[in-house]
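Asker: Contents of data-v6.cif (mmCIF, C-alpha atoms):
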data_final
#
loop_
_atom_site.label_atom_id
_atom_site.label_comp_id
_atom_site.auth_asym_id
_atom_site.auth_seq_id
_atom_site.Cartn_x
_atom_site.Cartn_y
_atom_site.Cartn_z
CA MET J 1 0.00 0.00 0.00
CA ALA J 2 2.81 2.39 0.93
CA ASP J 3 4.55 1.67 -2.39
CA THR J 4 1.37 2.46 -4.29
CA VAL J 5 1.00 5.78 -2.44
CA ARG J 6 4.63 6.68 -3.20
CA VAL J 7 4.00 6.05 -6.90
CA LEU J 8 0.61 7.74 -7.16
CA LEU J 9 1.42 10.83 -5.09
CA PRO J 10 4.02 12.26 -7.53
CA VAL J 11 1.71 11.51 -10.46
CA LEU J 12 -1.15 13.31 -8.70
CA LEU J 13 1.08 16.31 -7.93
CA VAL J 14 2.19 16.50 -11.56
CA LEU J 15 -1.43 16.41 -12.75
CA VAL J 16 -2.43 19.15 -10.32
CA ALA J 17 0.55 21.26 -11.41
CA LEU J 18 -0.40 20.82 -15.07
CA LEU J 19 -3.98 21.88 -14.33
CA VAL J 20 -2.74 25.02 -12.56
CA VAL J 21 -0.34 25.80 -15.42
CA ARG J 22 -3.12 25.28 -17.96
CA ARG J 23 -5.34 27.77 -16.17
CA ARG J 24 -2.76 30.39 -15.21
CA MET J 25 -0.18 30.03 -18.00
CA PRO J 26 -1.86 28.59 -21.10
CA VAL J 27 1.13 29.37 -23.32
CA VAL J 28 3.47 27.32 -21.13
CA PHE J 29 0.95 24.46 -20.99
CA TRP J 30 0.62 24.55 -24.78
CA TRP J 31 4.37 24.22 -25.32
CA LEU J 32 4.74 21.45 -22.72
CA VAL J 33 1.65 19.34 -23.43
CA GLY J 34 -0.72 20.82 -25.98
CA TYR J 35 1.54 21.18 -29.01
CA PRO J 36 3.16 17.69 -28.81
CA ALA J 37 -0.25 16.03 -28.36
CA VAL J 38 -2.02 17.94 -31.14
CA ALA J 39 0.92 17.68 -33.56
CA LEU J 40 1.10 13.91 -33.05
CA ARG J 41 -2.66 13.61 -33.53
CA VAL J 42 -2.51 15.65 -36.75
CA LEU J 43 0.37 13.63 -38.22
CA VAL J 44 -1.14 10.25 -37.36
CA SER J 45 -4.68 10.99 -38.53
CA TYR J 46 -3.97 13.44 -41.35
CA ARG J 47 -4.79 11.17 -44.29
CA ALA J 48 -7.91 9.68 -42.69
CA THR J 49 -9.20 13.09 -41.58
CA MET J 50 -8.73 14.67 -44.98
CA ASP J 51 -10.50 11.72 -46.60
CA ALA J 52 -13.43 11.92 -44.16
CA CYS J 53 -13.78 15.67 -44.81
CA GLY J 54 -13.77 15.19 -48.57
CA LEU J 55 -10.48 17.00 -49.04
CA THR J 56 -8.72 14.25 -51.00
CA VAL J 57 -8.47 13.64 -54.74
CA PRO J 58 -8.31 10.36 -56.70
CA ALA J 59 -4.87 8.86 -57.14
CA SER J 60 -2.99 9.51 -60.38
CA ALA J 61 -3.05 7.04 -63.27
CA VAL J 62 0.47 5.87 -62.42
CA ARG J 63 -0.50 5.12 -58.83
CA ARG J 64 -3.63 3.30 -59.87
CA ALA J 65 -1.68 1.16 -62.32
CA THR J 66 0.97 0.37 -59.70
CA ALA J 67 -1.75 -0.55 -57.17
CA ARG J 68 -3.41 -2.90 -59.66
CA MET J 69 -0.08 -4.67 -60.29
CA VAL J 70 0.18 -5.56 -56.58
CA GLY J 71 -3.52 -6.37 -56.24
CA ARG J 72 -4.51 -3.32 -54.20
CA LYS J 73 -6.81 -0.36 -54.61
CA ALA J 74 -5.20 3.06 -54.87
CA ALA J 75 -6.19 5.21 -51.89
CA PRO J 76 -7.28 8.84 -52.40
CA VAL J 77 -4.46 11.36 -52.11
CA PRO J 78 -4.63 14.19 -49.50
CA PRO J 79 -2.90 17.56 -50.05
CA ARG J 80 0.79 17.65 -49.31
CA HIS J 81 1.60 19.36 -46.04
CA SER J 82 4.56 20.70 -44.13
CA PHE J 83 5.54 19.64 -40.63
CA PRO J 84 3.26 21.29 -38.01
CA ARG J 85 5.19 24.33 -36.81
CA PRO J 86 4.38 25.59 -33.30
CA THR J 87 3.29 29.16 -32.59
CA GLY J 88 2.54 31.02 -29.36
CA SER J 89 -1.11 29.95 -29.46
CA GLY J 90 -1.29 26.89 -31.72
CA LEU J 91 0.42 25.45 -34.76
CA VAL J 92 0.67 26.20 -38.46
CA MET J 93 0.82 23.87 -41.46
CA ARG J 94 1.31 24.86 -45.08
CA LEU J 95 -0.69 22.83 -47.58
CA ARG J 96 -0.25 22.40 -51.31
CA MET J 97 -3.68 21.90 -52.81
CA ALA J 98 -4.27 19.28 -55.48
CA ALA J 99 -5.70 20.09 -58.90
CA GLY J 100 -9.37 21.07 -58.66
CA GLN J 101 -9.25 22.12 -55.00
CA ALA J 102 -9.91 25.66 -53.75
CA PRO J 103 -9.36 27.38 -50.38
CA GLU J 104 -13.14 27.58 -49.94
CA ASP J 105 -13.25 23.77 -49.71
CA PHE J 106 -10.93 23.83 -46.69
CA ALA J 107 -12.68 26.84 -45.09
CA ALA J 108 -16.01 24.98 -45.30
CA SER J 109 -14.45 22.00 -43.49
CA ALA J 110 -12.66 24.05 -40.82
CA ASP J 111 -15.16 23.13 -38.10
CA ARG J 112 -14.88 19.41 -38.89
CA LEU J 113 -11.08 19.65 -38.80
CA ARG J 114 -11.30 21.41 -35.44
CA HIS J 115 -13.31 18.57 -33.89
CA ALA J 116 -11.19 15.86 -35.50
CA TRP J 117 -7.92 17.26 -34.14
CA GLY J 118 -9.22 18.59 -30.80
CA ALA J 119 -8.29 22.23 -31.46
CA HIS J 120 -10.13 25.32 -30.24
CA ALA J 121 -10.38 26.72 -33.78
CA VAL J 122 -9.00 26.17 -37.28
CA HIS J 123 -8.39 29.09 -39.64
CA VAL J 124 -7.60 28.86 -43.35
CA ARG J 125 -5.67 31.54 -45.21
CA PRO J 126 -4.53 31.37 -48.87
CA THR J 127 -0.90 32.38 -49.26
CA LYS J 128 -0.38 32.10 -53.02
CA PRO J 129 -2.01 30.19 -55.91
CA GLY J 130 -2.20 26.50 -55.08
CA ARG J 131 -1.03 26.92 -51.48
CA LEU J 132 -2.69 27.82 -48.21
CA GLU J 133 -1.95 28.07 -44.52
CA LEU J 134 -3.83 25.98 -41.97
CA ARG J 135 -3.63 27.57 -38.50
CA LEU J 136 -4.82 25.62 -35.45
CA VAL J 137 -5.52 27.56 -32.24
CA GLY J 138 -5.02 25.60 -29.03
CA TRP J 139 -7.30 27.60 -26.69
CA ASP J 140 -9.50 30.69 -26.51
CA VAL J 141 -6.84 33.37 -26.92
CA LEU J 142 -9.40 36.17 -26.49
CA ALA J 143 -10.28 35.08 -22.96
CA GLU J 144 -7.30 36.98 -21.54
CA VAL J 145 -5.24 39.25 -23.77
CA ARG J 146 -1.77 40.27 -22.71
CA PRO J 147 0.04 43.30 -24.15
CA ALA J 148 1.92 42.75 -27.39
CA ARG J 149 5.68 42.80 -27.52
CA HIS J 150 6.81 46.21 -28.72
CA ARG J 151 8.86 44.70 -31.55
CA LEU J 152 5.60 43.88 -33.34
CA GLY J 153 5.24 47.57 -34.17
CA ASP J 154 8.26 47.54 -36.46
CA GLY J 155 7.99 51.09 -37.74
CA PRO J 156 6.43 54.52 -37.28
CA LEU J 157 2.64 54.70 -37.45
CA ARG J 158 2.38 50.93 -36.91
CA LEU J 159 0.74 49.79 -33.66
CA PRO J 160 -0.28 46.29 -32.45
CA LEU J 161 -3.62 47.18 -30.87
CA ALA J 162 -5.66 43.97 -30.55
CA LEU J 163 -5.20 40.21 -30.64
CA ARG J 164 -7.12 38.35 -33.34
CA GLU J 165 -8.93 35.11 -32.65
CA ASP J 166 -6.35 33.18 -34.70
CA GLY J 167 -3.55 34.30 -32.36
CA VAL J 168 -2.07 36.94 -34.70
CA TRP J 169 -1.97 40.59 -33.66
CA HIS J 170 -4.04 43.15 -35.49
CA VAL J 171 -1.54 45.88 -36.37
CA ARG J 172 -2.91 49.35 -37.08
CA ASP J 173 -0.84 50.64 -40.00
CA PHE J 174 -1.75 54.23 -40.80
CA ARG J 175 0.25 54.23 -44.04
CA THR J 176 -1.83 51.31 -45.38
CA VAL J 177 -5.22 52.16 -43.81
CA PRO J 178 -5.10 55.91 -43.19
CA HIS J 179 -8.56 56.47 -41.66
CA GLU J 180 -10.66 54.35 -39.29
CA LEU J 181 -14.18 54.23 -37.88
CA ILE J 182 -14.52 52.88 -34.32
CA LEU J 183 -18.01 52.07 -33.02
CA GLY J 184 -19.11 50.68 -29.68
CA ALA J 185 -21.75 51.08 -27.02
CA THR J 186 -21.05 52.13 -23.43
CA GLN J 187 -18.94 49.53 -21.58
CA SER J 188 -18.14 47.72 -24.83
CA GLY J 189 -14.36 48.27 -24.78
CA LYS J 190 -14.20 51.12 -27.29
CA SER J 191 -12.51 53.46 -24.81
CA VAL J 192 -9.85 50.86 -23.99
CA TYR J 193 -9.06 50.40 -27.68
CA LEU J 194 -8.73 54.18 -28.01
CA ARG J 195 -6.41 54.36 -24.98
CA ASN J 196 -4.10 51.76 -26.51
CA LEU J 197 -4.09 53.72 -29.75
CA LEU J 198 -3.30 57.06 -28.10
CA CYS J 199 -0.59 55.60 -25.85
CA GLY J 200 1.09 53.91 -28.80
CA LEU J 201 1.08 57.14 -30.81
CA ALA J 202 2.16 59.21 -27.79
CA ARG J 203 5.56 57.49 -27.83
CA GLN J 204 6.14 58.42 -31.48
CA SER J 205 6.83 61.71 -33.24
CA VAL J 206 3.21 62.38 -34.12
CA VAL J 207 0.95 65.41 -33.72
CA LEU J 208 -2.15 64.32 -31.76
CA VAL J 209 -5.31 66.38 -32.24
CA GLY J 210 -8.47 65.72 -30.25
CA ILE J 211 -12.08 66.71 -30.96
CA ASP J 212 -14.37 65.85 -28.05
CA CYS J 213 -17.65 67.76 -27.93
CA LYS J 214 -18.61 66.32 -24.53
CA TRP J 215 -16.67 69.24 -23.04
CA GLY J 216 -13.48 67.26 -23.40
CA VAL J 217 -14.19 64.75 -20.63
CA GLU J 218 -13.12 61.74 -22.72
CA LEU J 219 -9.85 63.16 -24.07
CA ALA J 220 -8.95 65.50 -21.19
CA PRO J 221 -6.78 62.85 -19.42
CA PHE J 222 -4.54 62.77 -22.52
CA ALA J 223 -4.26 66.56 -22.78
CA PRO J 224 -0.53 66.78 -21.86
CA ARG J 225 0.33 64.93 -25.08
CA LEU J 226 -2.26 66.61 -27.32
CA SER J 227 -1.22 69.42 -29.64
CA ALA J 228 -4.83 70.63 -29.91
CA LEU J 229 -8.15 69.89 -28.25
CA ALA J 230 -11.59 71.19 -29.26
CA ASP J 231 -14.33 70.60 -26.69
CA THR J 232 -17.32 72.36 -28.33
CA PRO J 233 -18.78 72.23 -31.85
CA ASP J 234 -17.77 75.85 -32.50
CA ARG J 235 -14.17 75.19 -31.49
CA ALA J 236 -14.19 71.98 -33.53
CA ASN J 237 -15.34 73.92 -36.59
CA GLU J 238 -12.49 76.39 -36.14
CA LEU J 239 -9.97 73.59 -35.59
CA LEU J 240 -11.05 71.83 -38.79
CA ASP J 241 -10.45 75.08 -40.69
CA VAL J 242 -6.91 75.20 -39.31
CA LEU J 243 -6.30 71.56 -40.25
CA LEU J 244 -7.45 72.28 -43.80
CA GLU J 245 -5.02 75.22 -43.95
CA GLU J 246 -2.24 72.92 -42.76
CA MET J 247 -3.14 70.34 -45.39
CA GLU J 248 -3.09 72.97 -48.15
CA ALA J 249 0.30 74.22 -46.96
CA ARG J 250 1.68 70.68 -47.10
CA PHE J 251 0.43 70.21 -50.64
CA ARG J 252 2.12 73.46 -51.64
CA LEU J 253 5.32 72.14 -50.08
CA ILE J 254 5.03 68.91 -52.11
CA GLY J 255 4.50 70.90 -55.31
CA LEU J 256 7.47 73.17 -54.63
CA ARG J 257 9.77 70.25 -53.86
CA SER J 258 8.69 68.30 -56.93
CA GLY J 259 9.30 71.28 -59.24
CA ALA J 260 12.54 72.44 -57.63
CA GLY J 261 14.67 71.41 -60.61
CA PRO J 262 15.35 68.77 -63.23
CA ASP J 263 17.05 66.52 -60.68
CA ALA J 264 14.28 66.83 -58.08
CA VAL J 265 12.56 63.66 -56.93
CA LEU J 266 8.93 63.69 -58.09
CA THR J 267 6.38 62.76 -55.45
CA SER J 268 2.66 63.14 -54.87
CA ASP J 269 2.71 62.82 -51.06
CA VAL J 270 4.82 63.78 -48.08
CA TRP J 271 6.37 60.30 -47.85
CA GLY J 272 8.43 60.95 -50.98
CA LEU J 273 10.02 64.08 -49.50
CA PRO J 274 13.48 63.98 -47.89
CA GLU J 275 13.19 63.03 -44.22
CA ALA J 276 14.54 66.40 -43.08
CA ALA J 277 11.83 68.25 -45.02
CA ARG J 278 9.00 65.84 -44.25
CA PRO J 279 6.19 67.30 -42.07
CA VAL J 280 5.29 65.52 -38.86
CA PRO J 281 2.25 63.21 -39.26
CA ILE J 282 -1.03 64.39 -37.72
CA VAL J 283 -3.60 62.02 -36.20
CA VAL J 284 -7.02 63.56 -35.57
CA VAL J 285 -9.17 61.71 -33.02
CA VAL J 286 -12.88 62.58 -33.21
CA ASP J 287 -14.57 61.15 -30.12
CA GLU J 288 -18.37 60.72 -29.96
CA VAL J 289 -18.97 61.93 -33.50
CA ALA J 290 -22.73 62.07 -32.88
CA GLU J 291 -22.20 64.85 -30.33
CA LEU J 292 -20.24 66.78 -32.93
CA PHE J 293 -23.09 66.65 -35.45
CA LEU J 294 -26.11 67.26 -33.19
CA ALA J 295 -28.26 70.07 -34.53
CA ALA J 296 -31.11 71.87 -32.76
CA SER J 297 -31.53 74.81 -35.15
CA LYS J 298 -30.93 75.89 -38.71
CA ASP J 299 -27.61 77.45 -37.74
CA ASP J 300 -26.53 74.18 -36.12
CA GLU J 301 -27.45 72.30 -39.30
CA LYS J 302 -25.36 74.66 -41.43
CA ARG J 303 -22.39 74.24 -39.10
CA ARG J 304 -22.87 70.46 -39.06
CA ASP J 305 -22.95 70.23 -42.85
CA ALA J 306 -19.85 72.41 -43.04
CA MET J 307 -17.96 70.19 -40.57
CA VAL J 308 -18.95 67.02 -42.43
CA THR J 309 -17.66 68.56 -45.65
CA LYS J 310 -14.37 69.47 -43.97
CA LEU J 311 -13.93 65.98 -42.55
CA ILE J 312 -14.62 64.48 -45.99
CA ARG J 313 -11.93 66.72 -47.50
CA LEU J 314 -9.47 65.65 -44.83
CA ALA J 315 -10.33 62.00 -45.40
CA GLN J 316 -10.04 62.22 -49.18
CA LEU J 317 -6.78 64.15 -49.32
CA GLY J 318 -5.30 63.75 -45.86
CA ARG J 319 -3.21 60.63 -46.42
CA ALA J 320 -1.00 62.31 -49.02
CA ALA J 321 -0.43 65.19 -46.59
CA GLY J 322 0.25 62.91 -43.62
CA ILE J 323 -3.08 63.63 -41.87
CA PHE J 324 -5.09 60.69 -40.54
CA LEU J 325 -8.56 60.39 -38.99
CA GLU J 326 -9.85 58.22 -36.14
CA VAL J 327 -13.63 58.69 -35.88
CA CYS J 328 -15.25 57.15 -32.78
CA GLY J 329 -18.82 56.96 -31.58
CA GLN J 330 -21.61 54.89 -30.07
CA ARG J 331 -23.47 54.92 -33.37
CA PHE J 332 -22.97 56.23 -36.86
CA GLY J 333 -25.87 56.65 -39.25
CA ALA J 334 -27.40 58.74 -42.01
CA GLU J 335 -29.25 60.79 -39.40
CA LEU J 336 -25.97 62.60 -38.70
CA GLY J 337 -26.65 64.66 -41.78
CA LYS J 338 -25.78 65.01 -45.41
CA GLY J 339 -22.41 63.55 -46.25
CA ALA J 340 -22.25 61.06 -43.35
CA THR J 341 -22.40 58.10 -45.71
CA MET J 342 -19.75 59.66 -47.93
CA LEU J 343 -17.53 60.19 -44.89
CA ARG J 344 -17.97 56.57 -43.87
CA ALA J 345 -16.83 55.44 -47.32
CA GLN J 346 -13.51 57.24 -46.78
CA LEU J 347 -12.93 55.51 -43.42
CA SER J 348 -11.61 52.27 -44.86
CA GLY J 349 -10.58 50.83 -41.49
CA ARG J 350 -13.50 49.59 -39.41
CA ILE J 351 -13.71 48.21 -35.90
CA CYS J 352 -17.09 47.52 -34.32
CA HIS J 353 -17.52 46.57 -30.66
CA ARG J 354 -20.84 45.57 -29.16
CA VAL J 355 -23.45 48.09 -30.33
CA ASN J 356 -26.96 48.92 -29.18
CA ASP J 357 -28.65 48.43 -32.53
CA GLU J 358 -28.20 46.40 -35.69
CA ALA J 359 -28.19 49.54 -37.86
CA SER J 360 -24.86 50.69 -36.37
CA ALA J 361 -23.25 47.31 -37.05
CA ASN J 362 -24.52 47.42 -40.62
CA MET J 363 -23.26 50.98 -41.03
CA ALA J 364 -19.82 49.89 -39.86
CA LEU J 365 -19.38 46.55 -41.57
CA ALA J 366 -22.19 45.66 -43.98
CA ASP J 367 -20.47 47.33 -46.94
CA ILE J 368 -17.37 45.25 -46.19
CA SER J 369 -18.97 41.90 -45.42
CA PRO J 370 -22.52 41.01 -44.30
CA GLU J 371 -21.05 38.14 -42.26
CA ALA J 372 -18.90 40.64 -40.34
CA ALA J 373 -21.98 42.70 -39.44
CA LEU J 374 -23.74 39.58 -38.17
CA ALA J 375 -20.67 38.67 -36.09
CA ALA J 376 -20.69 42.15 -34.52
CA THR J 377 -24.32 41.84 -33.46
CA ALA J 378 -23.51 38.51 -31.80
CA ILE J 379 -20.85 39.91 -29.42
CA PRO J 380 -21.97 39.02 -25.86
CA ALA J 381 -22.27 41.76 -23.26
CA GLU J 382 -20.26 39.70 -20.73
CA ARG J 383 -17.15 39.84 -22.93
CA PRO J 384 -16.33 43.56 -23.18
CA GLY J 385 -13.44 44.44 -25.45
CA VAL J 386 -14.31 41.89 -28.13
CA ALA J 387 -14.79 43.55 -31.51
CA VAL J 388 -14.96 42.77 -35.20
CA VAL J 389 -12.29 44.45 -37.31
CA GLY J 390 -12.55 44.70 -41.07
CA ASP J 391 -10.98 46.53 -43.98
CA SER J 392 -11.86 47.46 -47.54
CA SER J 393 -10.48 44.16 -48.85
CA GLY J 394 -13.48 42.32 -47.37
CA GLY J 395 -11.46 40.47 -44.73
CA TRP J 396 -12.59 40.54 -41.10
CA SER J 397 -11.77 38.93 -37.79
CA ARG J 398 -12.75 39.01 -34.12
CA VAL J 399 -10.24 40.82 -31.94
CA ARG J 400 -9.76 41.95 -28.34
CA SER J 401 -7.55 44.71 -26.95
CA PRO J 402 -5.40 44.31 -23.82
CA HIS J 403 -6.81 46.09 -20.80
CA LEU J 404 -5.35 49.53 -20.13
CA THR J 405 -6.63 51.61 -17.23
CA LEU J 406 -7.32 55.31 -17.59
CA ASP J 407 -4.70 56.11 -14.93
CA ASP J 408 -1.98 54.20 -16.78
CA ALA J 409 -2.94 55.80 -20.10
CA ALA J 410 -2.88 59.27 -18.57
CA ALA J 411 0.53 58.54 -17.03
CA VAL J 412 1.95 57.61 -20.43
CA CYS J 413 0.68 60.89 -21.89
CA ARG J 414 2.21 62.86 -19.03
CA ASP J 415 5.55 61.11 -19.43
CA THR J 416 5.63 61.79 -23.17
CA ALA J 417 4.51 65.44 -22.95
CA THR J 418 7.97 66.56 -24.02
CA LEU J 419 7.51 64.77 -27.35
CA VAL J 420 4.76 67.17 -28.53
CA PRO J 421 5.96 68.40 -31.96
CA GLU J 422 6.05 72.08 -32.82
CA LEU J 423 3.15 73.14 -35.05
CA PRO J 424 2.47 76.90 -34.69
CA ARG J 425 -0.92 76.73 -36.44
CA LEU J 426 -2.29 74.67 -33.54
CA ASP J 427 -0.93 76.77 -30.68
CA ALA J 428 -4.28 78.50 -30.15
CA PHE J 429 -5.92 75.11 -29.55
CA ARG J 430 -3.27 73.66 -27.20
CA PRO J 431 -4.96 72.39 -24.00
CA ALA J 432 -4.31 74.59 -20.98
CA VAL J 433 -2.73 71.97 -18.73
CA ALA J 434 0.23 72.09 -16.38
CA VAL J 435 2.90 69.88 -17.94
CA GLU J 436 4.96 68.24 -15.23
CA ALA J 437 8.70 68.44 -15.35
CA ALA J 438 10.13 65.78 -17.63
CA GLY J 439 11.59 62.89 -15.68
CA PRO J 440 12.62 59.33 -16.44
CA SER J 441 10.06 57.73 -18.73
CA SER J 442 7.78 55.42 -16.83
CA SER J 443 6.24 53.85 -19.94
CA THR J 444 7.46 50.47 -18.80
CA ALA J 445 5.70 50.93 -15.48
CA ALA J 446 2.49 51.77 -17.30
CA VAL J 447 2.30 48.62 -19.33
CA PRO J 448 -1.31 47.47 -19.76
CA THR J 449 -2.37 44.89 -17.23
CA ALA J 450 -3.47 41.46 -18.38
CA ARG J 451 -7.06 41.68 -17.17
CA PRO J 452 -10.26 41.26 -19.15
CA VAL J 453 -11.55 44.52 -20.60
CA THR J 454 -14.26 46.11 -18.49
CA GLU J 455 -14.85 49.46 -20.18
#
Go through the file and emit its structure as structure tokens.

Answerer:
Amino acid sequence: MADTVRVLLPVLLVLVALLVVRRRMPVVFWWLVGYPAVALRVLVSYRATMDACGLTVPASAVRRATARMVGRKAAPVPPRHSFPRPTGSGLVMRLRMAAGQAPEDFAASADRLRHAWGAHAVHVRPTKPGRLELRLVGWDVLAEVRPARHRLGDGPLRLPLALREDGVWHVRDFRTVPHELILGATQSGKSVYLRNLLCGLARQSVVLVGIDCKWGVELAPFAPRLSALADTPDRANELLDVLLEEMEARFRLIGLRSGAGPDAVLTSDVWGLPEAARPVPIVVVVDEVAELFLAASKDDEKRRDAMVTKLIRLAQLGRAAGIFLEVCGQRFGAELGKGATMLRAQLSGRICHRVNDEASANMALADISPEAALAATAIPAERPGVAVVGDSSGGWSRVRSPHLTLDDAAAVCRDTATLVPELPRLDAFRPAVAVEAAGPSSSTAAVPTARPVTE
């Protein structure tokens, strides 16, 4: 009996330790147990699983002839695959499709592959003609999102803001997707996404401009890092005029540089200018866009239509001048006035958190993909921070941002207050805040905590 206890006790302790590791450190558990088990299961059952899912093709004539010579029947041939390569949240295999197969065939069988191999999810992504990537996810990576490693943002205006459900980070690249629409109801996680965005930009050489017509209460904590802040519709209208003047001045600069001489480098945007002469990028954050466009009188309607027109001009021409828009709100619809739909068309980046009505989800995502709009309406209220992100290419995915408290976000903006670029046109709109003396950067101390999003 004593010998049995001595044998079973260590085994029981190991099992308990593995259960604790699986709950507290899923990445470590995946590398120790999950990946070897799933990879072995995939390799052993690959041919049978592909055949059961209808993802095989008949054997070639040579194989059939060879099989007949030995008195056997040629088995169907599955796609060739690479060795399962581990990732931080699952594994990846590259497949070479057989003649007559399409990526849609594998996407339709993704759920059956998930059950056959015991994975949390299976995602299919074409890489080039005839080849695709099969990504298995070992667990629900959106249950608890930890901050991304800073090396993922490998350049200016590139920020890893949210983790996708396939374990890959959604990187906000302003050069590729210059303008974005962010929608979400109260307590949906929209504010946390915006905090991550502002804190990432605060550490870069970027002019941050805020428009918050709720008297600045949403963007006031970030005021030390803002170059301009408008907290009323009248001030916002004036600020948009100044931004248009800045955009026109930048276009004149591009024209002068391009026509400077026969040896001048021709360019149609600021990115082709020499780095020393290149203007600092400007990111304009419009929070609660519905508040900006509320109209109670004819004068308010005229001002609203004028502001929509100015935002459309900035969205249409801003990228070439290095001016980018982030438009946020609880809803976005045609009732905001003439030009709202045209403005939405210029905001090619879309991210929709849980919303209060189906019309807002359709306004955000239906023109990209009807399936994405349906996915946005299905976001549960008990999982704040989950959103659907899409782009003009028609692709979409569920994502979740790492939690970042308002205190930590405000601390980052205070620590980076000395990085505010000089832009004289915006001096009249600079927030009247007391900037603390610059000390050692505490950005590492203000790293987002790894808690579920609650705002």

Asker: Would you work out the distance separating atom CA of J:Arg135 from atom CA of J:Pro370, expressed in Å to one decimal?

Answerer: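 Atom-to-atom, atom CA of J:Arg135 to atom CA of J:Pro370, that is 23.9 Å.
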
Asker: Mind pulling up the distance from atom CA of J:Val283 to atom CA of J:Glu326?

Answerer: 7.3 Å

Asker: What does the distance between atom CA of J:Val308 and atom CA of J:Asp212 come to in Å, to one decimal place?

Answerer: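 So the answer is 15.1 Å.
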
Asker: For the provided coordinates, the residues matched by the PyMOL selection byres ((chain J and resi 300-303) around 12) should be stated as a list in words.

Answerer: Pro233, Asp234, Arg235, Ala236, Asn237, Glu238, Leu240, Glu291, Leu292, Phe293, Leu294, Ala295, Ala296, Ser297, Lys298, Asp299, Arg304, Asp305, Ala306, Met307, Val308, Thr309, Lys310, Glu335, Leu336, Gly337 and Lys338 of chain J

Asker: List, as a count of residues only, every residue that the PyMOL selection byres ((chain J and resi 351) around 7) selects in the file provided.

Answerer: 11

Asker: Counting all atoms listed in the file, which of J:Ala116, J:Ala432, J:Ala74, J:Ala366 gets nearest to J:Ala59?

Answerer: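 When distances to J:Ala59 are compared using all atoms listed in the file, the smallest one comes from J:Ala74.
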
Asker: Calculated over all atoms listed in the file, which of the candidates J:Leu194, J:Leu95, J:Met363, J:Ala67 has the smallest distance to J:His403?

Answerer: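 The closest residue to J:His403 is J:Leu194.
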
Asker: Within 9 Å of stretch 316-325 of chain J, which residues of stretch 337-449 of chain J show up? Give each one with its shortest atom-to-atom distance in Å (one decimal) and the two atoms involved, counting only C-alpha atoms, rows by chain then rising residue number, as a Markdown table.

Answerer:
| residue | atom | partner | partner_atom | distance |
| --- | --- | --- | --- | --- |
| J:Leu343 | CA | J:Gln316 | CA | 8.9 |
| J:Gln346 | CA | J:Gln316 | CA | 6.5 |
| J:Leu347 | CA | J:Leu325 | CA | 7.9 |

Asker: What does the PyMOL selection byres ((chain J and resi 357) around 10) select in this file, as a list in words?

Answerer: Ala185, Gln330, Arg331, Arg354, Val355, Asn356, Glu358, Ala359, Ser360, Ala361, Asn362 and Thr377 of chain J

Asker: Just to be explicit: take each residue in the selection above, keep C-alpha atoms, and write the result as an mmCIF file, in the coordinates of the input.

Answerer:
data_model
loop_
_atom_site.group_PDB
_atom_site.id
_atom_site.type_symbol
_atom_site.label_atom_id
_atom_site.label_comp_id
_atom_site.auth_asym_id
_atom_site.auth_seq_id
_atom_site.Cartn_x
_atom_site.Cartn_y
_atom_site.Cartn_z
ATOM 1 C CA ALA J 185 -21.750 51.080 -27.020
ATOM 2 C CA GLN J 330 -21.610 54.890 -30.070
ATOM 3 C CA ARG J 331 -23.470 54.920 -33.370
ATOM 4 C CA ARG J 354 -20.840 45.570 -29.160
ATOM 5 C CA VAL J 355 -23.450 48.090 -30.330
ATOM 6 C CA ASN J 356 -26.960 48.920 -29.180
ATOM 7 C CA GLU J 358 -28.200 46.400 -35.690
ATOM 8 C CA ALA J 359 -28.190 49.540 -37.860
ATOM 9 C CA SER J 360 -24.860 50.690 -36.370
ATOM 10 C CA ALA J 361 -23.250 47.310 -37.050
ATOM 11 C CA ASN J 362 -24.520 47.420 -40.620
ATOM 12 C CA THR J 377 -24.320 41.840 -33.460
#

Asker: So, with only C-alpha atoms as the atoms that count, which of J:Arg225, J:Arg6, J:Arg175, J:Arg41 lies closest to J:Gly118?

Answerer: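 Selected residue with least distance to J:Gly118: J:Arg41.
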
Asker: Just checking: using only C-alpha atoms, which residue out of J:Thr56, J:Val141, J:Arg114, J:Met247 ends up closest to J:Ala102?

Answerer: J:Thr56

Asker: I'd like to know which of J:Arg131, J:Arg425, J:Arg430, J:Arg195 is closest to J:Leu244, using only C-alpha atoms.

Answerer: J:Arg425

Asker: Stretch 32-35 of chain J: which residues within 8 Å, counting only C-alpha atoms, same-chain residues fewer than 2 positions away excluded, as a PyMOL selection string?

Answerer: chain J and resi 28-30+37-39+86+90-91+138

Asker: Please provide as a PDB file with C-alpha atoms, in the coordinates of the input all residues within 7 Å of J:Ala410, with the sequence filter that same-chain residues fewer than 3 positions apart are discarded (counting all atoms listed in the file).

Answerer:
ATOM      1  CA  PRO J 221      -6.780  62.850 -19.420  1.00  0.00           C
ATOM      2  CA  PHE J 222      -4.540  62.770 -22.520  1.00  0.00           C
ATOM      3  CA  LEU J 406      -7.320  55.310 -17.590  1.00  0.00           C
ATOM      4  CA  ASP J 407      -4.700  56.110 -14.930  1.00  0.00           C
ATOM      5  CA  CYS J 413       0.680  60.890 -21.890  1.00  0.00           C
ATOM      6  CA  ARG J 414       2.210  62.860 -19.030  1.00  0.00           C
TER       7      ARG J 414
END

Asker: So, counting all atoms listed in the file, which residue among J:Gly385, J:Gly155, J:Pro178, J:Pro78 is closest to J:Val192?

Answerer: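 For J:Val192, the nearest of the candidates is J:Gly385.
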